[in-house]
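Source file: structure.cif (mmCIF, N, CA and C atoms)
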```cif
data_run
#
loop_
_atom_site.label_atom_id
_atom_site.label_comp_id
_atom_site.auth_asym_id
_atom_site.auth_seq_id
_atom_site.Cartn_x
_atom_site.Cartn_y
_atom_site.Cartn_z
N SER A 1428 -9.51 13.40 10.81
CA SER A 1428 -10.53 12.61 10.15
C SER A 1428 -10.06 12.22 8.76
N LYS A 1429 -10.71 11.23 8.17
CA LYS A 1429 -10.34 10.79 6.83
C LYS A 1429 -10.66 11.85 5.78
N ARG A 1430 -11.70 12.62 6.02
CA ARG A 1430 -12.01 13.72 5.10
C ARG A 1430 -10.88 14.74 5.10
N GLU A 1431 -10.38 15.08 6.29
CA GLU A 1431 -9.29 16.05 6.39
C GLU A 1431 -8.02 15.51 5.72
N LEU A 1432 -7.77 14.20 5.88
CA LEU A 1432 -6.61 13.59 5.24
C LEU A 1432 -6.77 13.64 3.72
N ALA A 1433 -7.97 13.34 3.22
CA ALA A 1433 -8.23 13.41 1.78
C ALA A 1433 -7.99 14.83 1.28
N GLN A 1434 -8.48 15.83 2.01
CA GLN A 1434 -8.30 17.22 1.60
C GLN A 1434 -6.82 17.59 1.59
N GLU A 1435 -6.09 17.12 2.59
CA GLU A 1435 -4.66 17.40 2.66
C GLU A 1435 -3.93 16.78 1.46
N LEU A 1436 -4.34 15.57 1.07
CA LEU A 1436 -3.72 14.91 -0.08
C LEU A 1436 -4.05 15.62 -1.40
N LEU A 1437 -5.26 16.16 -1.50
CA LEU A 1437 -5.70 16.82 -2.74
C LEU A 1437 -5.21 18.26 -2.86
N ALA A 1438 -4.81 18.87 -1.77
CA ALA A 1438 -4.43 20.29 -1.77
C ALA A 1438 -3.33 20.63 -2.79
N PRO A 1439 -2.26 19.83 -2.92
CA PRO A 1439 -1.23 20.18 -3.92
C PRO A 1439 -1.77 20.22 -5.36
N ALA A 1440 -2.88 19.54 -5.61
CA ALA A 1440 -3.49 19.53 -6.94
C ALA A 1440 -4.43 20.72 -7.13
N GLY A 1441 -4.61 21.53 -6.10
CA GLY A 1441 -5.53 22.66 -6.19
C GLY A 1441 -6.99 22.23 -6.17
N ILE A 1442 -7.25 21.09 -5.55
CA ILE A 1442 -8.60 20.55 -5.46
C ILE A 1442 -9.10 20.72 -4.04
N VAL A 1443 -10.32 21.26 -3.92
CA VAL A 1443 -10.93 21.49 -2.61
C VAL A 1443 -12.24 20.70 -2.56
N LEU A 1444 -12.36 19.85 -1.56
CA LEU A 1444 -13.61 19.11 -1.39
C LEU A 1444 -14.74 20.09 -1.15
N ASP A 1445 -15.81 19.96 -1.91
CA ASP A 1445 -16.98 20.85 -1.86
C ASP A 1445 -16.62 22.30 -2.18
N GLY A 1446 -15.55 22.47 -2.97
CA GLY A 1446 -15.13 23.81 -3.36
C GLY A 1446 -15.97 24.37 -4.50
N ALA A 1447 -15.63 25.59 -4.94
CA ALA A 1447 -16.42 26.31 -5.94
C ALA A 1447 -15.96 26.07 -7.37
N ASN A 1448 -14.76 25.52 -7.56
CA ASN A 1448 -14.25 25.30 -8.92
C ASN A 1448 -14.92 24.09 -9.57
N PRO A 1449 -15.00 24.08 -10.90
CA PRO A 1449 -15.66 22.95 -11.57
C PRO A 1449 -14.93 21.62 -11.37
N TRP A 1450 -13.64 21.66 -11.03
CA TRP A 1450 -12.88 20.43 -10.79
C TRP A 1450 -12.92 19.99 -9.32
N ASP A 1451 -13.60 20.74 -8.48
CA ASP A 1451 -13.71 20.38 -7.06
C ASP A 1451 -14.84 19.37 -6.85
N PRO A 1452 -14.55 18.21 -6.29
CA PRO A 1452 -15.61 17.22 -6.05
C PRO A 1452 -16.60 17.69 -4.99
N GLN A 1453 -17.86 17.38 -5.24
CA GLN A 1453 -18.93 17.70 -4.30
C GLN A 1453 -19.35 16.40 -3.63
N VAL A 1454 -19.18 16.32 -2.33
CA VAL A 1454 -19.40 15.08 -1.58
C VAL A 1454 -20.83 15.05 -1.03
N GLN A 1455 -21.57 14.00 -1.39
CA GLN A 1455 -22.92 13.83 -0.88
C GLN A 1455 -22.97 12.85 0.30
N ASP A 1456 -21.96 12.00 0.43
CA ASP A 1456 -21.95 10.98 1.47
C ASP A 1456 -20.56 10.91 2.10
N GLU A 1457 -20.45 11.32 3.33
CA GLU A 1457 -19.17 11.37 4.03
C GLU A 1457 -18.54 9.98 4.23
N LYS A 1458 -19.34 8.94 4.10
CA LYS A 1458 -18.82 7.58 4.30
C LYS A 1458 -17.89 7.14 3.17
N ILE A 1459 -17.85 7.90 2.08
CA ILE A 1459 -16.97 7.51 0.98
C ILE A 1459 -15.51 7.50 1.39
N PHE A 1460 -15.14 8.32 2.35
CA PHE A 1460 -13.73 8.41 2.75
C PHE A 1460 -13.26 7.10 3.38
N ASP A 1461 -14.12 6.44 4.14
CA ASP A 1461 -13.76 5.13 4.68
C ASP A 1461 -13.47 4.16 3.55
N GLU A 1462 -14.33 4.15 2.54
CA GLU A 1462 -14.15 3.24 1.41
C GLU A 1462 -12.92 3.59 0.58
N LEU A 1463 -12.69 4.87 0.38
CA LEU A 1463 -11.53 5.28 -0.41
C LEU A 1463 -10.22 4.85 0.22
N PHE A 1464 -10.14 4.95 1.54
CA PHE A 1464 -8.89 4.60 2.20
C PHE A 1464 -8.74 3.11 2.48
N THR A 1465 -9.80 2.34 2.31
CA THR A 1465 -9.67 0.89 2.48
C THR A 1465 -9.67 0.16 1.14
N THR A 1466 -10.51 0.58 0.21
CA THR A 1466 -10.61 -0.10 -1.07
C THR A 1466 -9.68 0.49 -2.12
N GLY A 1467 -9.42 1.77 -2.04
CA GLY A 1467 -8.52 2.40 -2.99
C GLY A 1467 -9.22 2.96 -4.21
N SER A 1468 -8.49 2.95 -5.32
CA SER A 1468 -8.97 3.63 -6.52
C SER A 1468 -10.26 3.04 -7.07
N LEU A 1469 -10.51 1.77 -6.84
CA LEU A 1469 -11.77 1.17 -7.30
C LEU A 1469 -12.96 1.89 -6.67
N ALA A 1470 -12.82 2.31 -5.42
CA ALA A 1470 -13.91 3.00 -4.71
C ALA A 1470 -14.23 4.35 -5.33
N ILE A 1471 -13.26 4.96 -6.00
CA ILE A 1471 -13.51 6.26 -6.64
C ILE A 1471 -14.62 6.11 -7.67
N GLY A 1472 -14.48 5.13 -8.54
CA GLY A 1472 -15.49 4.91 -9.57
C GLY A 1472 -16.80 4.39 -9.02
N GLU A 1473 -16.71 3.46 -8.08
CA GLU A 1473 -17.93 2.88 -7.52
C GLU A 1473 -18.78 3.91 -6.80
N THR A 1474 -18.15 4.73 -5.97
CA THR A 1474 -18.91 5.73 -5.22
C THR A 1474 -19.44 6.83 -6.14
N TYR A 1475 -18.71 7.11 -7.23
CA TYR A 1475 -19.20 8.08 -8.21
C TYR A 1475 -20.46 7.53 -8.89
N MET A 1476 -20.42 6.27 -9.30
CA MET A 1476 -21.56 5.65 -9.97
C MET A 1476 -22.78 5.56 -9.05
N GLN A 1477 -22.53 5.52 -7.75
CA GLN A 1477 -23.62 5.49 -6.76
C GLN A 1477 -24.10 6.89 -6.40
N SER A 1478 -23.60 7.91 -7.11
CA SER A 1478 -23.94 9.32 -6.88
C SER A 1478 -23.65 9.77 -5.45
N ARG A 1479 -22.57 9.25 -4.90
CA ARG A 1479 -22.19 9.65 -3.54
C ARG A 1479 -21.24 10.84 -3.55
N TRP A 1480 -20.74 11.18 -4.73
CA TRP A 1480 -19.99 12.41 -4.97
C TRP A 1480 -20.12 12.74 -6.44
N ASP A 1481 -19.85 13.99 -6.79
CA ASP A 1481 -19.97 14.43 -8.17
C ASP A 1481 -18.92 15.50 -8.43
N VAL A 1482 -18.65 15.74 -9.69
CA VAL A 1482 -17.73 16.81 -10.07
C VAL A 1482 -18.15 17.29 -11.46
N ALA A 1483 -18.14 18.60 -11.66
CA ALA A 1483 -18.58 19.17 -12.94
C ALA A 1483 -17.55 18.92 -14.05
N ASP A 1484 -16.26 19.01 -13.73
CA ASP A 1484 -15.20 18.85 -14.73
C ASP A 1484 -14.26 17.72 -14.32
N MET A 1485 -14.71 16.49 -14.56
CA MET A 1485 -13.94 15.32 -14.15
C MET A 1485 -12.58 15.24 -14.86
N PRO A 1486 -12.50 15.51 -16.18
CA PRO A 1486 -11.18 15.44 -16.82
C PRO A 1486 -10.16 16.38 -16.17
N GLU A 1487 -10.58 17.58 -15.83
CA GLU A 1487 -9.66 18.53 -15.18
C GLU A 1487 -9.28 18.05 -13.79
N MET A 1488 -10.24 17.48 -13.05
CA MET A 1488 -9.93 16.97 -11.71
C MET A 1488 -8.85 15.89 -11.80
N PHE A 1489 -9.04 14.91 -12.69
CA PHE A 1489 -8.06 13.84 -12.81
C PHE A 1489 -6.74 14.33 -13.38
N SER A 1490 -6.79 15.29 -14.28
CA SER A 1490 -5.57 15.89 -14.81
C SER A 1490 -4.75 16.52 -13.69
N ARG A 1491 -5.43 17.24 -12.81
CA ARG A 1491 -4.75 17.88 -11.68
C ARG A 1491 -4.17 16.84 -10.73
N VAL A 1492 -4.92 15.77 -10.48
CA VAL A 1492 -4.43 14.70 -9.59
C VAL A 1492 -3.17 14.08 -10.18
N LEU A 1493 -3.19 13.77 -11.46
CA LEU A 1493 -2.04 13.12 -12.09
C LEU A 1493 -0.83 14.05 -12.18
N ARG A 1494 -1.04 15.30 -12.56
CA ARG A 1494 0.08 16.26 -12.67
C ARG A 1494 0.73 16.54 -11.33
N SER A 1495 -0.04 16.54 -10.26
CA SER A 1495 0.49 16.91 -8.95
C SER A 1495 1.21 15.76 -8.24
N GLY A 1496 1.02 14.53 -8.70
CA GLY A 1496 1.64 13.38 -8.03
C GLY A 1496 0.83 12.87 -6.85
N VAL A 1497 -0.39 13.35 -6.69
CA VAL A 1497 -1.25 12.91 -5.58
C VAL A 1497 -1.45 11.40 -5.61
N ALA A 1498 -1.63 10.85 -6.79
CA ALA A 1498 -1.92 9.42 -6.91
C ALA A 1498 -0.79 8.58 -6.32
N SER A 1499 0.46 8.95 -6.58
CA SER A 1499 1.58 8.15 -6.05
C SER A 1499 1.68 8.31 -4.53
N ARG A 1500 1.39 9.48 -4.00
CA ARG A 1500 1.42 9.66 -2.54
C ARG A 1500 0.34 8.82 -1.87
N VAL A 1501 -0.84 8.75 -2.49
CA VAL A 1501 -1.92 7.93 -1.94
C VAL A 1501 -1.53 6.47 -1.97
N PHE A 1502 -0.89 6.02 -3.06
CA PHE A 1502 -0.45 4.63 -3.16
C PHE A 1502 0.50 4.30 -2.03
N HIS A 1503 1.49 5.17 -1.78
CA HIS A 1503 2.45 4.91 -0.71
C HIS A 1503 1.78 4.95 0.66
N LEU A 1504 0.85 5.86 0.85
CA LEU A 1504 0.12 5.95 2.12
C LEU A 1504 -0.68 4.68 2.35
N LYS A 1505 -1.36 4.21 1.32
CA LYS A 1505 -2.18 3.00 1.44
C LYS A 1505 -1.27 1.80 1.73
N THR A 1506 -0.14 1.71 1.04
CA THR A 1506 0.79 0.61 1.26
C THR A 1506 1.28 0.62 2.70
N PHE A 1507 1.62 1.81 3.21
CA PHE A 1507 2.08 1.93 4.60
C PHE A 1507 0.98 1.53 5.57
N ALA A 1508 -0.25 1.94 5.29
CA ALA A 1508 -1.38 1.61 6.17
C ALA A 1508 -1.66 0.11 6.17
N LEU A 1509 -1.42 -0.55 5.05
CA LEU A 1509 -1.68 -1.99 4.96
C LEU A 1509 -0.54 -2.84 5.52
N LEU A 1510 0.60 -2.24 5.81
CA LEU A 1510 1.77 -2.98 6.26
C LEU A 1510 1.50 -3.91 7.44
N PRO A 1511 0.83 -3.45 8.52
CA PRO A 1511 0.56 -4.36 9.64
C PRO A 1511 -0.26 -5.58 9.21
N HIS A 1512 -1.24 -5.35 8.34
CA HIS A 1512 -2.08 -6.45 7.85
C HIS A 1512 -1.24 -7.45 7.04
N LEU A 1513 -0.36 -6.94 6.19
CA LEU A 1513 0.48 -7.81 5.37
C LEU A 1513 1.44 -8.62 6.23
N VAL A 1514 1.99 -8.02 7.28
CA VAL A 1514 2.88 -8.73 8.19
C VAL A 1514 2.12 -9.84 8.91
N ARG A 1515 0.93 -9.53 9.42
CA ARG A 1515 0.10 -10.55 10.09
C ARG A 1515 -0.21 -11.70 9.15
N GLN A 1516 -0.49 -11.36 7.91
CA GLN A 1516 -0.83 -12.38 6.92
C GLN A 1516 0.36 -13.33 6.69
N ARG A 1517 1.57 -12.80 6.71
CA ARG A 1517 2.76 -13.62 6.51
C ARG A 1517 3.08 -14.46 7.74
N LEU A 1518 2.80 -13.92 8.92
CA LEU A 1518 3.18 -14.61 10.16
C LEU A 1518 2.18 -15.68 10.58
N PHE A 1519 0.92 -15.46 10.30
CA PHE A 1519 -0.12 -16.37 10.78
C PHE A 1519 -0.89 -16.97 9.61
N ASN A 1520 -0.85 -18.29 9.51
CA ASN A 1520 -1.59 -18.99 8.47
C ASN A 1520 -3.01 -19.22 8.98
N ARG A 1521 -3.98 -18.57 8.38
CA ARG A 1521 -5.37 -18.68 8.83
C ARG A 1521 -6.11 -19.80 8.11
N GLN A 1522 -5.42 -20.56 7.30
CA GLN A 1522 -6.08 -21.63 6.57
C GLN A 1522 -6.43 -22.78 7.51
N THR A 1523 -7.67 -23.22 7.43
CA THR A 1523 -8.13 -24.38 8.18
C THR A 1523 -8.96 -25.24 7.24
N ARG A 1524 -9.26 -26.44 7.66
CA ARG A 1524 -10.10 -27.31 6.81
C ARG A 1524 -11.48 -26.67 6.59
N ASP A 1525 -12.03 -26.07 7.64
CA ASP A 1525 -13.36 -25.45 7.50
C ASP A 1525 -13.33 -24.31 6.50
N LEU A 1526 -12.32 -23.44 6.61
CA LEU A 1526 -12.23 -22.31 5.68
C LEU A 1526 -11.95 -22.77 4.26
N SER A 1527 -11.12 -23.82 4.09
CA SER A 1527 -10.82 -24.30 2.76
C SER A 1527 -12.06 -24.88 2.07
N SER A 1528 -12.95 -25.47 2.85
CA SER A 1528 -14.18 -26.00 2.24
C SER A 1528 -15.09 -24.87 1.76
N LEU A 1529 -15.04 -23.70 2.41
CA LEU A 1529 -15.82 -22.55 1.96
C LEU A 1529 -15.30 -22.03 0.62
N VAL A 1530 -13.98 -22.02 0.47
CA VAL A 1530 -13.37 -21.53 -0.76
C VAL A 1530 -13.67 -22.50 -1.91
N ALA A 1531 -13.71 -23.76 -1.61
CA ALA A 1531 -13.93 -24.78 -2.65
C ALA A 1531 -15.33 -24.74 -3.23
N LEU A 1532 -16.28 -24.14 -2.52
CA LEU A 1532 -17.66 -24.08 -3.01
C LEU A 1532 -17.74 -23.20 -4.17
#
```
Encoded form using structure tokens:
Amino acid sequence: SKRELAQELLAPAGIVLDGANPWDPQVQDEKIFDELFTTGSLAIGETYMQSRWDVADMPEMFSRVLRSGVASRVFHLKTFALLPHLVRQRLFNRQTRDLSSLVAL
């Protein structure tokens, strides 16, 4: 599951989802994992502002993420996951007159 993947990515930073430490994020909405793996880092802030997760010690959580290199591993994972989409985008031009008129509005 995406939650398990997120936990696996956070483990080297000593972060446990719904764990007991003040730097452990508390998840209120399991759907955030779909958004995190599709939207990326922007979803972290958006879902936090929507109170879909919380953390008592946010500076320590982010410090641990940055020190452990989790952020770069997530970037590479996301890039790899997007690869099929990027290839399709290069191979097939989806532009049509109808779609171009929508963009022009």
note = The residue from A:Ser1478, A:Ser1495, A:Ser1490, A:Ser1428 with the smallest atom-to-atom distance to Asp1456 of chain A, counting all atoms listed in the file, is A:Ser1478
key: Residues in the PyMOL selection byres ((chain A and resi 1444-1449) around 6.5), expressed as a list of chain:residue names   = A:Gln1434, A:Ile1442, A:Val1443, A:Trp1450, A:Asp1451, A:Pro1452, A:Gln1453, A:Val1454, A:Val1482, A:Ala1483, A:Asp1484, A:Met1485, A:Met1488
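Proximity ranking of A:Lys1429, A:Thr1474, A:Leu1463, A:Val1492 relative to Gly1441 of chain A places A:Val1492 first, based on only N, CA and C atoms.
Using all atoms listed in the file, the smallest distance between any of A:Met1476, A:Ala1470, A:Ile1459, A:Ala1440 and Gly1496 of chain A comes from A:Ala1440.
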task = Skip Val1497 of chain A itself and residues of its chain fewer than 6 positions away, then list as a ChimeraX atom specification all residues within 7 Å of it, counting only N, CA and C atoms.
result = /A:1436-1437,1440,1491
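One finds atom CA of Arg1430 of chain A at 21.0 Å from atom CA of Glu1487 of chain A.
Pairwise distance (atom CA of Arg1479 of chain A, atom CA of Asp1461 of chain A) equals 12.6 Å.
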Take every atom of segment 1471-1486 of chain A listed in the file, fit an axis-aligned box around them, add 3 Å per side, and give the centre and edge lengths in Å to one decimal as AutoDock Vina command-line options.
```
--center_x -17.1 --center_y 11.0 --center_z -10.2 --size_x 19.9 --size_y 22.3 --size_z 19.3
```
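For the pair atom CA of Ala1498 of chain A and atom CA of Ser1468 of chain A, the interatomic distance is 9.1 Å.
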With N, CA, C and O atoms retained, output segment 1439-1450 of chain A as a tab-separated table (two decimals), in the first residue's frame.
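Listed below is the output, out-v3.tsv:
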```
chain	number	residue	atom	x	y	z
A	1439	PRO	N	14.34	5.40	7.52
A	1439	PRO	CA	15.74	5.82	7.77
A	1439	PRO	C	15.86	7.13	8.54
A	1439	PRO	O	16.88	7.40	9.14
A	1440	ALA	N	14.80	7.94	8.53
A	1440	ALA	CA	14.80	9.21	9.26
A	1440	ALA	C	14.35	9.01	10.70
A	1440	ALA	O	14.31	9.97	11.48
A	1441	GLY	N	13.97	7.80	11.07
A	1441	GLY	CA	13.49	7.54	12.42
A	1441	GLY	C	12.09	8.09	12.65
A	1441	GLY	O	11.72	8.42	13.77
A	1442	ILE	N	11.32	8.19	11.57
A	1442	ILE	CA	9.96	8.71	11.64
A	1442	ILE	C	8.99	7.55	11.46
A	1442	ILE	O	9.13	6.76	10.53
A	1443	VAL	N	8.00	7.49	12.36
A	1443	VAL	CA	7.00	6.43	12.31
A	1443	VAL	C	5.63	7.09	12.16
A	1443	VAL	O	5.25	7.94	12.97
A	1444	LEU	N	4.91	6.70	11.13
A	1444	LEU	CA	3.55	7.22	10.96
A	1444	LEU	C	2.70	6.82	12.15
A	1444	LEU	O	2.68	5.64	12.54
A	1445	ASP	N	2.04	7.78	12.76
A	1445	ASP	CA	1.21	7.58	13.96
A	1445	ASP	C	2.02	7.05	15.14
A	1445	ASP	O	1.49	6.38	16.02
A	1446	GLY	N	3.32	7.37	15.14
A	1446	GLY	CA	4.19	6.94	16.23
A	1446	GLY	C	4.04	7.82	17.46
A	1446	GLY	O	3.29	8.79	17.48
A	1447	ALA	N	4.82	7.51	18.51
A	1447	ALA	CA	4.71	8.18	19.80
A	1447	ALA	C	5.63	9.39	19.95
A	1447	ALA	O	5.44	10.20	20.85
A	1448	ASN	N	6.62	9.53	19.07
A	1448	ASN	CA	7.56	10.65	19.18
A	1448	ASN	C	6.93	11.94	18.68
A	1448	ASN	O	6.05	11.92	17.81
A	1449	PRO	N	7.39	13.08	19.20
A	1449	PRO	CA	6.80	14.36	18.78
A	1449	PRO	C	7.03	14.67	17.30
A	1449	PRO	O	6.30	15.44	16.71
A	1450	TRP	N	8.04	14.05	16.68
A	1450	TRP	CA	8.30	14.27	15.25
A	1450	TRP	C	7.57	13.26	14.36
A	1450	TRP	O	7.68	13.31	13.14
```
